Each structure stands twice: as C-alpha cells, then as structure tokens.
file query22.txt (compact mmCIF, C-alpha atoms and all ligand atoms)
# COMPACT_ATOMS: atom_id res chain seq x y z
CA MET A 86 -18.64 -23.01 4.11
CA ALA A 87 -21.03 -25.31 5.89
CA GLY A 88 -24.50 -23.85 6.26
CA GLY A 89 -24.44 -21.44 3.33
CA ILE A 90 -24.64 -17.67 3.21
CA ALA A 91 -27.85 -17.38 5.27
CA THR A 92 -26.17 -19.04 8.23
CA ILE A 93 -23.06 -16.97 7.72
CA ASP A 94 -25.12 -13.79 7.70
CA GLN A 95 -26.88 -14.79 10.90
CA GLN A 96 -23.53 -15.45 12.53
CA LEU A 97 -22.16 -12.16 11.26
CA GLU A 98 -25.18 -10.24 12.51
CA ASN A 99 -24.91 -11.96 15.89
CA ALA A 100 -21.21 -11.16 16.10
CA ALA A 101 -21.82 -7.50 15.27
CA ARG A 102 -24.61 -7.31 17.83
CA ALA A 103 -22.62 -9.04 20.56
CA PHE A 104 -19.19 -7.55 19.99
CA GLY A 105 -19.75 -4.38 17.97
CA THR A 106 -17.93 -3.34 14.82
CA PRO A 107 -15.47 -3.22 13.17
CA THR A 108 -14.90 -6.92 13.77
CA TYR A 109 -13.12 -9.82 12.18
CA VAL A 110 -15.08 -13.07 12.29
CA TYR A 111 -13.27 -16.39 11.73
CA PHE A 112 -15.19 -19.60 11.09
CA ALA A 113 -13.38 -22.63 12.50
CA ASP A 114 -15.45 -25.11 10.46
CA ALA A 115 -14.27 -23.46 7.25
CA ILE A 116 -10.63 -23.83 8.32
CA GLU A 117 -11.24 -27.45 9.20
CA THR A 118 -12.85 -28.10 5.84
CA ARG A 119 -9.79 -26.63 4.15
CA ALA A 120 -7.39 -28.77 6.15
CA GLN A 121 -9.40 -31.88 5.27
CA ARG A 122 -9.59 -30.85 1.63
CA LEU A 123 -5.81 -30.51 1.49
CA GLN A 124 -5.30 -33.92 3.05
CA ALA A 125 -7.78 -35.48 0.64
CA ALA A 126 -6.38 -33.81 -2.49
CA PHE A 127 -2.77 -34.81 -1.77
CA GLY A 128 -3.73 -38.18 -0.34
CA GLY A 129 -2.05 -37.41 2.99
CA ARG A 130 1.36 -37.02 1.36
CA PHE A 131 1.94 -33.67 3.04
CA ALA A 132 1.85 -32.69 6.70
CA LEU A 133 0.58 -29.12 7.05
CA SER A 134 2.56 -26.29 8.55
CA TYR A 135 0.58 -23.15 9.34
CA ALA A 136 2.34 -19.86 8.60
CA ALA A 137 1.48 -17.71 11.61
CA LYS A 138 2.17 -14.54 9.66
CA SER A 139 -1.12 -14.99 7.79
CA ASN A 140 -3.15 -14.73 10.99
CA PRO A 141 -1.45 -14.88 14.38
CA ASN A 142 -4.65 -14.37 16.34
CA PRO A 143 -4.18 -16.36 19.56
CA GLY A 144 -7.65 -17.91 19.30
CA VAL A 145 -6.95 -19.07 15.76
CA LEU A 146 -3.49 -20.35 16.73
CA SER A 147 -4.91 -22.22 19.67
CA TRP A 148 -7.66 -23.81 17.57
CA LEU A 149 -5.19 -24.78 14.85
CA LYS A 150 -2.85 -26.72 17.10
CA ALA A 151 -5.22 -29.69 17.02
CA HIS A 152 -5.75 -29.45 13.26
CA VAL A 153 -2.31 -29.00 11.65
CA ALA A 154 1.01 -30.65 12.43
CA PHE A 155 3.36 -27.67 12.52
CA LEU A 156 3.56 -23.94 13.00
CA ASP A 157 5.89 -21.68 11.05
CA VAL A 158 6.80 -18.38 12.72
CA SER A 159 8.71 -15.47 11.27
CA SER A 160 9.56 -13.47 14.38
CA ILE A 161 10.11 -14.13 18.03
CA GLY A 162 6.79 -12.38 18.60
CA GLU A 163 5.02 -15.03 16.53
CA LEU A 164 6.83 -17.78 18.43
CA ARG A 165 5.72 -16.22 21.72
CA LEU A 166 2.15 -16.07 20.42
CA GLY A 167 2.33 -19.70 19.37
CA ILE A 168 3.69 -20.85 22.73
CA GLY A 169 1.13 -18.64 24.50
CA ALA A 170 -1.59 -20.37 22.48
CA GLY A 171 -0.38 -23.74 23.74
CA TRP A 172 1.87 -24.86 20.90
CA ASP A 173 4.86 -26.95 21.88
CA ALA A 174 7.87 -25.02 20.50
CA LYS A 175 9.17 -28.33 19.13
CA ARG A 176 6.40 -28.21 16.52
CA ALA A 177 7.50 -24.75 15.35
CA SER A 178 9.95 -23.70 12.65
CA PHE A 179 11.37 -20.19 12.53
CA THR A 180 11.84 -18.57 9.11
CA GLY A 181 12.73 -15.00 8.17
CA PRO A 182 15.63 -13.30 6.47
CA GLY A 183 16.48 -10.88 9.29
CA LYS A 184 16.47 -12.84 12.51
CA ARG A 185 18.24 -10.95 15.26
CA GLU A 186 20.57 -12.50 17.79
CA PHE A 187 18.13 -12.17 20.68
CA GLU A 188 15.48 -13.88 18.57
CA LEU A 189 17.80 -16.75 17.73
CA ARG A 190 18.75 -17.09 21.37
CA GLU A 191 15.18 -17.03 22.66
CA ALA A 192 14.03 -19.48 19.99
CA ILE A 193 16.84 -21.93 20.78
CA GLU A 194 16.35 -21.53 24.53
CA ASN A 195 12.64 -22.26 24.11
CA GLY A 196 13.36 -25.43 22.17
CA VAL A 197 12.11 -24.34 18.73
CA GLY A 198 11.81 -27.37 16.45
CA GLU A 199 13.89 -25.97 13.63
CA LEU A 200 15.53 -22.73 12.70
CA VAL A 201 15.13 -22.19 8.98
CA VAL A 202 18.50 -20.64 8.27
CA GLU A 203 18.49 -18.20 5.39
CA SER A 204 22.19 -17.34 5.10
CA VAL A 205 25.64 -18.51 6.17
CA ARG A 206 25.87 -15.44 8.39
CA GLU A 207 22.72 -16.42 10.24
CA ALA A 208 23.86 -20.04 10.52
CA ILE A 209 27.16 -18.94 12.07
CA ALA A 210 25.31 -16.76 14.58
CA ALA A 211 22.91 -19.61 15.43
CA ASP A 212 25.82 -22.03 15.82
CA ARG A 213 27.61 -19.66 18.21
CA ILE A 214 24.46 -19.14 20.30
CA ALA A 215 23.69 -22.87 20.35
CA ALA A 216 27.26 -23.52 21.54
CA LEU A 217 26.88 -20.96 24.34
CA LEU A 218 23.66 -22.65 25.40
CA GLY A 219 25.26 -26.08 25.19
CA ARG A 220 22.81 -27.23 22.53
CA VAL A 221 22.87 -28.72 19.08
CA GLN A 222 20.06 -26.98 17.21
CA ASP A 223 18.10 -28.58 14.38
CA VAL A 224 18.02 -26.44 11.26
CA MET A 225 16.58 -26.50 7.79
CA ILE A 226 18.30 -24.55 5.05
CA ARG A 227 16.13 -22.25 2.96
CA ILE A 228 17.03 -22.22 -0.71
CA ALA A 229 15.85 -19.72 -3.31
CA PRO A 230 15.41 -21.36 -6.74
CA ALA A 231 16.53 -19.57 -9.90
CA ARG A 232 13.08 -19.59 -11.43
CA VAL A 233 9.49 -19.16 -10.35
CA PRO A 234 6.77 -19.85 -12.94
CA LYS A 235 4.48 -16.98 -13.93
CA GLY A 236 1.28 -16.57 -11.97
CA PHE A 237 2.36 -15.92 -8.38
CA GLY A 238 1.15 -12.78 -6.62
CA ASP A 239 4.50 -12.31 -4.93
CA GLN A 240 7.81 -13.93 -5.68
CA MET A 241 10.45 -14.78 -3.08
CA ALA A 242 12.93 -16.29 -5.56
CA GLY A 243 13.78 -16.22 -9.27
CA ARG A 244 15.12 -12.66 -9.00
CA PRO A 245 17.29 -10.74 -6.53
CA VAL A 246 15.72 -11.48 -3.14
CA ALA A 247 16.58 -11.33 0.55
CA PHE A 248 15.19 -14.81 1.20
CA GLY A 249 17.27 -17.92 1.57
CA ILE A 250 20.39 -19.00 -0.26
CA ASP A 251 20.33 -18.55 -4.03
CA VAL A 252 20.74 -21.86 -5.87
CA GLU A 253 23.41 -20.26 -8.03
CA CYS A 254 25.79 -20.08 -5.06
CA MET A 255 24.46 -22.84 -2.83
CA HIS A 256 27.42 -25.12 -3.42
CA ASP A 257 29.78 -22.45 -2.08
CA GLU A 258 27.59 -21.77 0.93
CA LEU A 259 25.96 -25.00 2.03
CA PRO A 260 29.21 -26.79 3.00
CA LYS A 261 29.88 -23.94 5.44
CA ILE A 262 26.54 -24.61 7.12
CA PHE A 263 26.88 -28.41 7.12
CA ALA A 264 30.26 -27.95 8.83
CA LEU A 265 28.92 -26.10 11.88
CA ALA A 266 29.23 -28.32 14.94
CA ASN A 267 26.29 -26.96 16.93
CA LEU A 268 23.75 -27.12 14.12
CA ARG A 269 22.22 -30.31 12.79
CA VAL A 270 20.96 -29.86 9.24
CA MET A 271 17.90 -32.09 9.12
CA GLY A 272 15.90 -30.56 6.32
CA LEU A 273 15.51 -28.17 3.44
CA HIS A 274 12.97 -25.43 2.89
CA ILE A 275 11.76 -23.53 -0.16
CA TYR A 276 9.16 -20.81 -0.21
CA SER A 277 9.36 -19.06 -3.56
CA GLY A 278 5.95 -17.68 -4.42
CA THR A 279 2.58 -16.92 -2.95
CA GLN A 280 -1.05 -16.37 -4.00
CA CYS A 281 -1.19 -18.41 -7.19
CA LEU A 282 -4.45 -19.56 -8.75
CA LYS A 283 -2.87 -21.52 -11.61
CA PRO A 284 -2.56 -25.25 -10.85
CA ASP A 285 0.07 -25.84 -13.55
CA ALA A 286 2.31 -23.08 -12.22
CA ILE A 287 2.06 -24.45 -8.70
CA SER A 288 2.87 -28.02 -9.63
CA GLU A 289 5.68 -26.86 -11.91
CA ASN A 290 7.05 -24.89 -8.97
CA TYR A 291 6.93 -27.98 -6.75
CA ARG A 292 8.83 -29.90 -9.43
CA THR A 293 11.55 -27.24 -9.23
CA PHE A 294 11.63 -27.72 -5.45
CA ILE A 295 11.99 -31.47 -5.84
CA ALA A 296 14.88 -31.03 -8.27
CA VAL A 297 16.68 -28.72 -5.83
CA PHE A 298 15.96 -30.97 -2.85
CA ARG A 299 17.26 -33.99 -4.73
CA GLU A 300 20.39 -32.22 -5.96
CA VAL A 301 21.33 -30.94 -2.50
CA SER A 302 20.59 -34.21 -0.74
CA GLU A 303 22.60 -36.28 -3.21
CA ARG A 304 25.54 -33.88 -3.30
CA TYR A 305 25.89 -33.82 0.49
CA GLY A 306 25.01 -37.47 1.04
CA PHE A 307 22.17 -36.45 3.24
CA SER A 308 18.76 -37.98 3.98
CA PRO A 309 16.50 -35.10 4.97
CA GLU A 310 14.03 -35.67 7.78
CA LYS A 311 11.85 -32.87 6.46
CA LEU A 312 11.39 -31.14 3.14
CA VAL A 313 9.23 -28.03 3.30
CA PHE A 314 7.27 -26.98 0.24
CA GLY A 315 6.09 -23.36 0.38
CA SER A 316 2.60 -23.92 -0.93
CA GLY A 317 1.83 -20.86 -3.05
CA LEU A 318 -1.82 -21.93 -2.97
CA GLY A 319 -3.98 -18.89 -3.68
CA ILE A 320 -7.55 -17.89 -2.95
CA PRO A 321 -10.02 -15.82 -4.98
CA TYR A 322 -10.14 -12.23 -3.74
CA HIS A 323 -11.85 -10.45 -6.61
CA ASN A 324 -14.82 -10.80 -8.94
CA GLY A 325 -13.81 -13.05 -11.78
CA ASP A 326 -11.10 -14.95 -9.83
CA ALA A 327 -11.74 -18.67 -10.26
CA PRO A 328 -11.10 -20.69 -7.10
CA LEU A 329 -7.96 -22.79 -7.26
CA ASP A 330 -8.46 -26.31 -8.59
CA LEU A 331 -6.61 -28.19 -5.85
CA ASP A 332 -7.15 -31.58 -7.49
CA ALA A 333 -5.39 -30.29 -10.59
CA VAL A 334 -2.44 -29.12 -8.47
CA ALA A 335 -2.30 -32.54 -6.84
CA SER A 336 -2.57 -34.52 -10.06
CA GLY A 337 0.30 -32.44 -11.47
CA ILE A 338 2.65 -33.43 -8.66
CA VAL A 339 1.73 -36.63 -6.80
CA ASP A 340 3.66 -38.90 -9.18
CA GLU A 341 6.81 -36.86 -8.62
CA LEU A 342 6.27 -36.91 -4.88
CA ASP A 343 5.85 -40.67 -4.96
CA ALA A 344 8.94 -41.07 -7.13
CA LEU A 345 10.94 -39.02 -4.65
CA LYS A 346 9.65 -41.00 -1.68
CA SER A 347 10.45 -44.28 -3.43
CA GLU A 348 14.16 -43.42 -3.37
CA PRO A 349 15.86 -44.91 -0.29
CA ARG A 350 17.36 -41.53 0.61
CA PHE A 351 13.88 -40.02 0.98
CA SER A 352 11.92 -42.99 2.29
CA GLY A 353 11.89 -41.58 5.82
CA THR A 354 11.44 -37.96 4.78
CA GLN A 355 8.39 -36.06 5.94
CA LEU A 356 7.00 -33.77 3.25
CA VAL A 357 5.52 -30.58 4.63
CA LEU A 358 3.28 -28.03 2.95
CA GLU A 359 3.75 -24.58 4.48
CA LEU A 360 0.81 -22.27 3.98
CA GLY A 361 -1.40 -19.61 5.48
CA ARG A 362 -4.02 -18.02 3.29
CA TYR A 363 -5.37 -21.19 1.70
CA LEU A 364 -6.20 -22.52 5.15
CA VAL A 365 -7.60 -19.46 6.86
CA GLY A 366 -8.17 -16.73 4.25
CA GLU A 367 -11.66 -17.58 3.12
CA ALA A 368 -12.69 -18.58 6.63
CA GLY A 369 -12.59 -14.96 7.74
CA TYR A 370 -14.79 -11.92 7.15
CA PHE A 371 -14.14 -8.32 8.04
CA LEU A 372 -17.33 -6.72 9.30
CA THR A 373 -17.74 -2.98 9.18
CA ARG A 374 -20.83 -0.85 9.75
CA VAL A 375 -21.85 2.12 7.63
CA ILE A 376 -21.71 5.26 9.75
CA SER A 377 -23.07 7.65 7.15
CA VAL A 378 -23.76 7.93 3.44
CA LYS A 379 -22.89 10.91 1.28
CA ASP A 380 -23.85 11.65 -2.32
CA SER A 381 -20.87 13.49 -3.70
CA ARG A 382 -20.69 14.78 -7.28
CA GLY A 383 -22.54 11.84 -8.72
CA SER A 384 -21.00 9.13 -6.51
CA ARG A 385 -22.58 7.47 -3.53
CA ILE A 386 -20.07 7.14 -0.72
CA ALA A 387 -20.65 4.99 2.36
CA ILE A 388 -18.39 5.90 5.26
CA CYS A 389 -17.68 2.82 7.39
CA ASP A 390 -16.38 2.40 10.91
CA GLY A 391 -13.33 0.41 9.80
CA GLY A 392 -11.13 0.95 6.77
CA MET A 393 -7.50 0.65 5.78
CA ASN A 394 -6.43 0.97 9.43
CA ASN A 395 -8.13 -2.40 10.05
CA HIS A 396 -7.75 -4.02 6.64
CA LEU A 397 -4.91 -2.66 4.59
CA PRO A 398 -5.00 -5.39 1.91
CA ALA A 399 -8.66 -4.69 1.07
CA SER A 400 -7.76 -1.03 0.59
CA GLY A 401 -5.26 -2.11 -2.04
CA HIS A 402 -2.14 -0.87 -0.28
CA PHE A 403 -0.59 -4.25 0.51
CA GLY A 404 1.23 -5.03 -2.69
CA MET A 405 -1.66 -4.54 -5.14
CA VAL A 406 -0.56 -2.48 -8.14
CA ILE A 407 -4.05 -1.52 -9.27
CA HIS A 408 -6.78 -1.55 -6.65
CA ARG A 409 -9.42 -4.20 -7.25
CA ASN A 410 -12.30 -4.58 -4.88
CA TYR A 411 -12.27 -7.54 -2.55
CA LEU A 412 -15.34 -9.77 -2.77
CA MET A 413 -17.88 -8.45 -0.28
CA HIS A 414 -21.57 -8.42 0.47
CA LYS A 415 -24.11 -6.45 2.42
CA VAL A 416 -25.14 -8.60 5.36
CA GLY A 417 -28.81 -9.46 5.05
CA GLY A 418 -28.99 -7.94 1.56
CA SER A 419 -30.40 -9.65 -1.51
CA ASP A 420 -28.98 -9.45 -5.02
CA ALA A 421 -31.89 -7.34 -6.20
CA GLY A 422 -31.46 -3.66 -7.00
CA LEU A 423 -27.67 -3.50 -7.01
CA GLU A 424 -26.17 0.00 -7.01
CA LYS A 425 -22.67 1.32 -7.35
CA VAL A 426 -21.15 2.58 -4.14
CA ASP A 427 -17.74 3.60 -2.85
CA LEU A 428 -16.91 2.27 0.60
CA VAL A 429 -14.45 4.33 2.60
CA GLY A 430 -13.15 4.06 6.14
CA PRO A 431 -13.16 6.66 8.91
CA LEU A 432 -9.64 8.00 8.33
CA CYS A 433 -8.87 11.51 7.12
CA THR A 434 -7.08 10.37 3.99
CA SER A 435 -8.36 9.65 0.50
CA ILE A 436 -6.44 6.37 0.40
CA ASP A 437 -8.72 4.96 3.10
CA ARG A 438 -11.01 3.16 0.68
CA LEU A 439 -12.34 -0.37 0.97
CA ALA A 440 -14.11 -0.44 -2.39
CA SER A 441 -14.56 1.73 -5.46
CA GLY A 442 -17.76 1.46 -7.46
CA VAL A 443 -18.70 -1.89 -5.94
CA MET A 444 -22.18 -3.20 -6.80
CA LEU A 445 -24.20 -3.79 -3.62
CA PRO A 446 -27.87 -3.64 -2.66
CA ARG A 447 -28.56 0.02 -1.79
CA VAL A 448 -26.33 0.83 1.15
CA GLU A 449 -27.82 2.87 3.97
CA GLU A 450 -26.62 4.16 7.29
CA GLY A 451 -26.38 1.31 9.81
CA ASP A 452 -25.85 -1.43 7.22
CA LEU A 453 -23.26 -4.11 7.83
CA ILE A 454 -20.73 -4.91 5.11
CA ALA A 455 -18.78 -8.17 5.14
CA VAL A 456 -15.47 -8.22 3.28
CA HIS A 457 -14.56 -11.76 2.20
CA GLY A 458 -11.13 -13.38 2.09
CA SER A 459 -10.20 -11.62 5.32
CA GLY A 460 -9.02 -14.51 7.48
CA ALA A 461 -5.42 -14.09 6.31
CA TYR A 462 -3.40 -10.89 6.01
CA GLY A 463 -6.24 -8.84 7.46
CA LEU A 464 -5.63 -7.28 10.82
CA THR A 465 -2.07 -8.57 11.02
CA ALA A 466 -1.18 -6.67 7.84
CA SER A 467 -2.84 -3.40 8.84
CA PRO A 468 -1.65 -0.08 10.34
CA ILE A 469 -4.04 -0.11 13.27
CA HIS A 470 -2.31 2.74 15.05
CA PHE A 471 -2.86 5.22 12.24
CA ILE A 472 -5.32 7.85 13.49
CA SER A 473 -5.68 6.03 16.80
CA HIS A 474 -9.06 4.38 16.43
CA ALA A 475 -9.65 1.44 18.75
CA ALA A 476 -8.49 -1.86 17.30
CA PRO A 477 -11.22 -4.03 15.77
CA ARG A 478 -12.69 -6.96 17.66
CA GLU A 479 -11.96 -10.52 16.61
CA VAL A 480 -14.41 -13.37 16.97
CA LEU A 481 -13.84 -17.08 16.47
CA VAL A 482 -16.93 -19.13 15.67
CA ASP A 483 -16.69 -22.83 16.48
CA GLN A 484 -19.12 -25.61 17.37
CA TYR A 485 -19.52 -24.16 20.86
CA GLY A 486 -20.47 -20.67 19.70
CA GLN A 487 -18.84 -17.29 19.25
CA HIS A 488 -15.72 -16.43 21.22
CA ASP A 489 -14.16 -13.05 21.72
CA VAL A 490 -10.53 -13.52 20.65
CA THR A 491 -9.72 -9.82 20.38
CA ARG A 492 -6.07 -8.94 20.76
CA ALA A 493 -4.85 -6.03 22.85
CA PHE A 494 -2.73 -3.54 20.90
CA GLY A 495 -1.58 -1.08 23.53
CA ALA A 496 -3.45 2.01 24.60
CA LEU A 497 -5.95 2.53 21.80
C1 LIG B 501 8.25 -18.23 4.31
C2 LIG B 501 6.80 -18.13 4.11
N1 LIG B 501 6.01 -19.14 4.53
C3 LIG B 501 4.68 -19.10 4.38
C4 LIG B 501 4.05 -18.02 3.80
C5 LIG B 501 2.55 -18.06 3.71
O1 LIG B 501 2.07 -17.80 2.45
P1 LIG B 501 0.51 -17.97 2.14
O2 LIG B 501 -0.22 -17.27 3.22
O3 LIG B 501 0.34 -17.32 0.81
O4 LIG B 501 0.20 -19.42 2.13
C6 LIG B 501 4.82 -16.95 3.34
C7 LIG B 501 4.17 -15.79 2.71
O5 LIG B 501 4.75 -14.81 2.37
C8 LIG B 501 6.22 -17.00 3.51
O6 LIG B 501 7.00 -15.99 3.11

call {"tool": "encode", "arguments": {"input": "query22.txt", "output": "structure tokens"}}
result
Amino acid sequence: MAGGIATIDQQLENAARAFGTPTYVYFADAIETRAQRLQAAFGGRFALSYAAKSNPNPGVLSWLKAHVAFLDVSSIGELRLGIGAGWDAKRASFTGPGKREFELREAIENGVGELVVESVREAIAADRIAALLGRVQDVMIRIAPARVPKGFGDQMAGRPVAFGIDVECMHDELPKIFALANLRVMGLHIYSGTQCLKPDAISENYRTFIAVFREVSERYGFSPEKLVFGSGLGIPYHNGDAPLDLDAVASGIVDELDALKSEPRFSGTQLVLELGRYLVGEAGYFLTRVISVKDSRGSRIAICDGGMNNHLPASGHFGMVIHRNYLMHKVGGSDAGLEKVDLVGPLCTSIDRLASGVMLPRVEEGDLIAVHGSGAYGLTASPIHFISHAAPREVLVDQYGQHDVTRAFGAL
C-alpha cells in the first residue's frame, strides 16, 4: 500500500470520523497496484476479469471498469450492479451453476458478453431463450477438471461438484452444446480452486487447464476466442501466512502459455485471468469501534459495533474449519505493550466473535480496530439482516478523497 501504515491509519481515522462505524474502507490505489503487479508478473499475457462476487460494491465496480478488461458476474443481481456502475454488458461473463430462466433471459436481452454454460441443461435453456429473442448468444463452456492440486482453500473440481461439466463426461456432453443453433461456443472456462498461497500448486493447476483447453479445442476443431483461467491466487489472512510469490507462479507457467499461443489454433486466443480477492482483498479494511470492554473470568473482551453480521468471514463462519484470527490492528496503536483480547460483535450470540486471544495494544472503549484482508468477501458474504443492526458504511478512497459508496439494504 502506497504511503505506509501511518497514512492508512490517518485515512481510517478520517473515514470513521466522517462516516461513522462500522465501516468498510477500500483503497483504490492498492487495487491499482495489484492490477499493475499482475500485468507485470505475467508480462501482459492475461487480460483480467474481475469476479464481482468478491466485492460488488457499486463504487468499487465503477472504479474497476477503467482498470480491468472484463467483469464476471454470478447472478442477475451482479449483472444489474455492473450495468448500474457503468459497465457495458458486452464486457461481462455470467457464471454460476444454478442460473434461472429469467436470469438467462435478462442477461441475453441486455447483451451479456458471454454466458458461461455449466451444463447441457442450461445450454439447452439458453439456446431456447436466445431463439425466442432472435439472437445467437456467445457462450463459454465451463469444465471441471478431474484433479486440483493440494493447497486451495476451496475446491470447485477434482471431486463431486455442482460446477461445470466434469472432464470425465465432457465428450458425451460437449457435442450437444456445440450443436445448439442459437449458441456460439467461443471459449472455455475453468475455475477449480480458490485462495491458494502455493505458487507451484497454482501453476500446476494452470497446466491442467491448458491440457483440458488443448484437448477440447483439438477434438472439436475449434479455435477459442477466449480461454478463462480461474486464478486461485490467494492472499494472507492470518499471522504466519506468507504472501503469495506471484513471480514464482508466473515463472511456473509462462513457457506453457507461450507454447499454447504459438500454436496456430490459439494464436488469436485471448487468455483471461478471472479473480477477485487477489485484486481487492488486501485493499480493504473493516473498521469497527469498541463500544465497551469487559473483564470476564480472566479474559478481556472488547465488544465492538460490528461483528459477524458485517464480516462473516472474519468471524470464521465462512468455510473456515478452525477459527483463526484475521490480521488486524488497533488504529493509531503502537506495537508496544501488546495484550491478549477477545473481540466480539454486538449480536446476542456467542458465535459473534471477530478475534479470540488476539494480541493488540491495550484495547479501551472508543478504540478503532481495523480488520485487514476485508476488501473481498466482507460485506457481500455477511448476514447483515441478522439482529437488524443498520448496515455498515462503505468508503472508497481514491486520489480525489474519500467517497461514501454505502449500499442500501432495505429497511435497516
Ligand atoms: C467462478 C468463480 N470465479 C471467480 C471466483 C473468484 O475467486 P477469488 O476471489 O478467490 O479470486 C470464484 C470464487 O469462488 C468463482 O467461483
């Protein structure tokens, strides 16, 4: 992050003063740095596609449209948010294993760039709707490889999954999709694992993608316009997590990418890296203020104004098997005199806990705590309606200052 922690803390304090807490604060310069870093590491071989699911905040979406090539949405709601934020639907792809007919229809009507079809059933439905609308719709086919290397936080292939067409049966299923008159298969898509910090596992995964892409393209005599690589690039969330070595990922794969591109069939193919958290995760902080402090049976407990209702992943209830504290700091605190403290939210449930036994400078009433790694899967992954507290504010910081980009969530 440009400017270092002191600048970040000043910005966080300003945001809390101006907008109140709990608040998410997103730093645009940090997202930009990430986008540039990705382009530099892979030598421009990949265009970037932003997965809206990681953070569909309209301010973030709007800012991103000038910084990444494509947008990937996984519901019609995300497509509406993207269009509302000024994205041309042509730059959007629509993934998701359970697209409903009205979603397919609205996406096609709005001119979505590609539907990422995940089953023959869905392709048949899309073909019928495209025919009714008098369109030929571009599609990519999502394929689920048989294997995902160890090291991914969540796996969307390599075991029984709802996502995409399993490679084991793709040669029964793909011809049925290629045959549909109102769909034009122009690309292939694989997203098989997320949140990986091991460069070797990521580049091995990409090699698997390349093998599948090559096999399908050769078998069906097809020159894909786009091949989408689900990035799997992870970020450090916890003490002891080493940041991902992006150069090591790149050096493990660029030769294979170049070999692929040197084949005539792929010379015009655009390679796309689809990702969310690596771009925006570390650019965001969740800011919560300590309402009161209680010493209870030997533990110091700080009760904060936002908890799992605002940030489910930090509470450990978003796929974490054993809760580990997110990285966090006390805004304006030094590293001297660290003490163990439990941070809980305002909800009447013992699972509303942001941190257990985290070491922070002594926490007092009124202190501000900043939870790191909160720019992706923060608010969007949280049960904000539980116990009916007002939704947190959201602030985007760019070169012009701080902007209130708070979303409305109904009558809270
Ligand atoms: C299809 C698809 N694309 C993109 C993503 C974004 O993943 P990440 O935020 O880890 O980059 C996911 C995450 O689950 C996904 O399922």

call {"tool": "residues_around", "arguments": {"input": "query22.txt", "residues": "stretch 251-264 of chain A", "least_positions_apart": "2", "cutoff": "9 Å", "atoms": "only C-alpha atoms", "output": "list in words"}}
result
Ser204, Val205, Ala208, Ile209, Ile226, Arg227, Ile228, Ala229, Pro230, Ala231, Ala242, Gly243, Pro245, Val246, Phe248, Gly249, Ala266, Leu268, Arg269, Val270, Val297, Val301, Arg304 and Tyr305 of chain A

call {"tool": "closest_atom_pairs", "arguments": {"input": "query22.txt", "of": "chain A", "to": "ligand LIG 501 (chain B)", "cutoff": "8 Å", "atoms": "all atoms listed in the file", "output": "JSON lines"}}
result
{"residue": "A:Tyr135", "atom": "CA", "partner": "B:LIG501", "partner_atom": "C3", "distance": 7.6}
{"residue": "A:Ala136", "atom": "CA", "partner": "B:LIG501", "partner_atom": "C3", "distance": 4.9}
{"residue": "A:Ala137", "atom": "CA", "partner": "B:LIG501", "partner_atom": "C5", "distance": 8.0}
{"residue": "A:Lys138", "atom": "CA", "partner": "B:LIG501", "partner_atom": "C5", "distance": 6.9}
{"residue": "A:Ser139", "atom": "CA", "partner": "B:LIG501", "partner_atom": "O2", "distance": 5.2}
{"residue": "A:Asp157", "atom": "CA", "partner": "B:LIG501", "partner_atom": "N1", "distance": 7.0}
{"residue": "A:Ser159", "atom": "CA", "partner": "B:LIG501", "partner_atom": "C1", "distance": 7.5}
{"residue": "A:Thr180", "atom": "CA", "partner": "B:LIG501", "partner_atom": "C1", "distance": 6.0}
{"residue": "A:Gly181", "atom": "CA", "partner": "B:LIG501", "partner_atom": "C1", "distance": 6.7}
{"residue": "A:Asp239", "atom": "CA", "partner": "B:LIG501", "partner_atom": "O5", "distance": 7.7}
{"residue": "A:Met241", "atom": "CA", "partner": "B:LIG501", "partner_atom": "O6", "distance": 7.2}
{"residue": "A:Ile275", "atom": "CA", "partner": "B:LIG501", "partner_atom": "C1", "distance": 7.8}
{"residue": "A:Tyr276", "atom": "CA", "partner": "B:LIG501", "partner_atom": "C1", "distance": 5.3}
{"residue": "A:Ser277", "atom": "CA", "partner": "B:LIG501", "partner_atom": "O6", "distance": 7.7}
{"residue": "A:Gly278", "atom": "CA", "partner": "B:LIG501", "partner_atom": "O5", "distance": 7.5}
{"residue": "A:Thr279", "atom": "CA", "partner": "B:LIG501", "partner_atom": "O3", "distance": 4.4}
{"residue": "A:Gln280", "atom": "CA", "partner": "B:LIG501", "partner_atom": "O3", "distance": 5.1}
{"residue": "A:Gly315", "atom": "CA", "partner": "B:LIG501", "partner_atom": "N1", "distance": 5.9}
{"residue": "A:Ser316", "atom": "CA", "partner": "B:LIG501", "partner_atom": "O4", "distance": 5.9}
{"residue": "A:Gly317", "atom": "CA", "partner": "B:LIG501", "partner_atom": "O3", "distance": 5.4}
{"residue": "A:Leu318", "atom": "CA", "partner": "B:LIG501", "partner_atom": "O4", "distance": 6.0}
{"residue": "A:Gly319", "atom": "CA", "partner": "B:LIG501", "partner_atom": "O3", "distance": 6.4}
{"residue": "A:Glu359", "atom": "CA", "partner": "B:LIG501", "partner_atom": "C3", "distance": 5.6}
{"residue": "A:Leu360", "atom": "CA", "partner": "B:LIG501", "partner_atom": "O4", "distance": 3.5}
{"residue": "A:Gly361", "atom": "CA", "partner": "B:LIG501", "partner_atom": "O2", "distance": 3.5}
{"residue": "A:Arg362", "atom": "CA", "partner": "B:LIG501", "partner_atom": "O2", "distance": 3.9}
{"residue": "A:Tyr363", "atom": "CA", "partner": "B:LIG501", "partner_atom": "O4", "distance": 5.9}
{"residue": "A:Leu364", "atom": "CA", "partner": "B:LIG501", "partner_atom": "O4", "distance": 7.7}
{"residue": "A:Ala461", "atom": "CA", "partner": "B:LIG501", "partner_atom": "O2", "distance": 6.8}
{"residue": "A:Tyr462", "atom": "CA", "partner": "B:LIG501", "partner_atom": "O2", "distance": 7.7}

call {"tool": "closest_residue", "arguments": {"input": "query22.txt", "among": "A:Glu450, A:Glu117, A:Asp489, A:Asp212", "to": "A:Val365", "atoms": "only C-alpha atoms"}}
result
A:Glu117

call {"tool": "closest_residue", "arguments": {"input": "query22.txt", "among": "A:Asp380, A:Asp420, A:Ser467, A:Tyr485", "to": "A:Ser400", "atoms": "all atoms listed in the file"}}
result
A:Ser467

call {"tool": "residues_around", "arguments": {"input": "query22.txt", "residues": "A:Gly198", "least_positions_apart": "3", "cutoff": "10 Å", "atoms": "only C-alpha atoms", "output": "list in words"}}
result
Phe155, Leu156, Asp157, Asp173, Ala174, Lys175, Arg176, Ala177, Ser178, Phe179, Ala192, Ile193, Asn195, Val201, Gln222, Asp223, Val224 and Met225 of chain A

call {"tool": "closest_residue", "arguments": {"input": "query22.txt", "among": "A:Leu329, A:Ile116, A:Leu464, A:Leu312", "to": "A:Lys283", "atoms": "only C-alpha atoms"}}
result
A:Leu329

call {"tool": "residues_near_point", "arguments": {"input": "query22.txt", "point": "(-21.4, -4.6, 13.2)", "cutoff": "9 Å", "atoms": "only C-alpha atoms", "output": "ChimeraX atom specification"}}
result
/A:97-108,372-375,390,451-454

call {"tool": "atom_distance", "arguments": {"input": "query22.txt", "atom1": "atom CA of A:Ile436", "atom2": "atom CA of A:Ala399"}}
result
11.3 Å
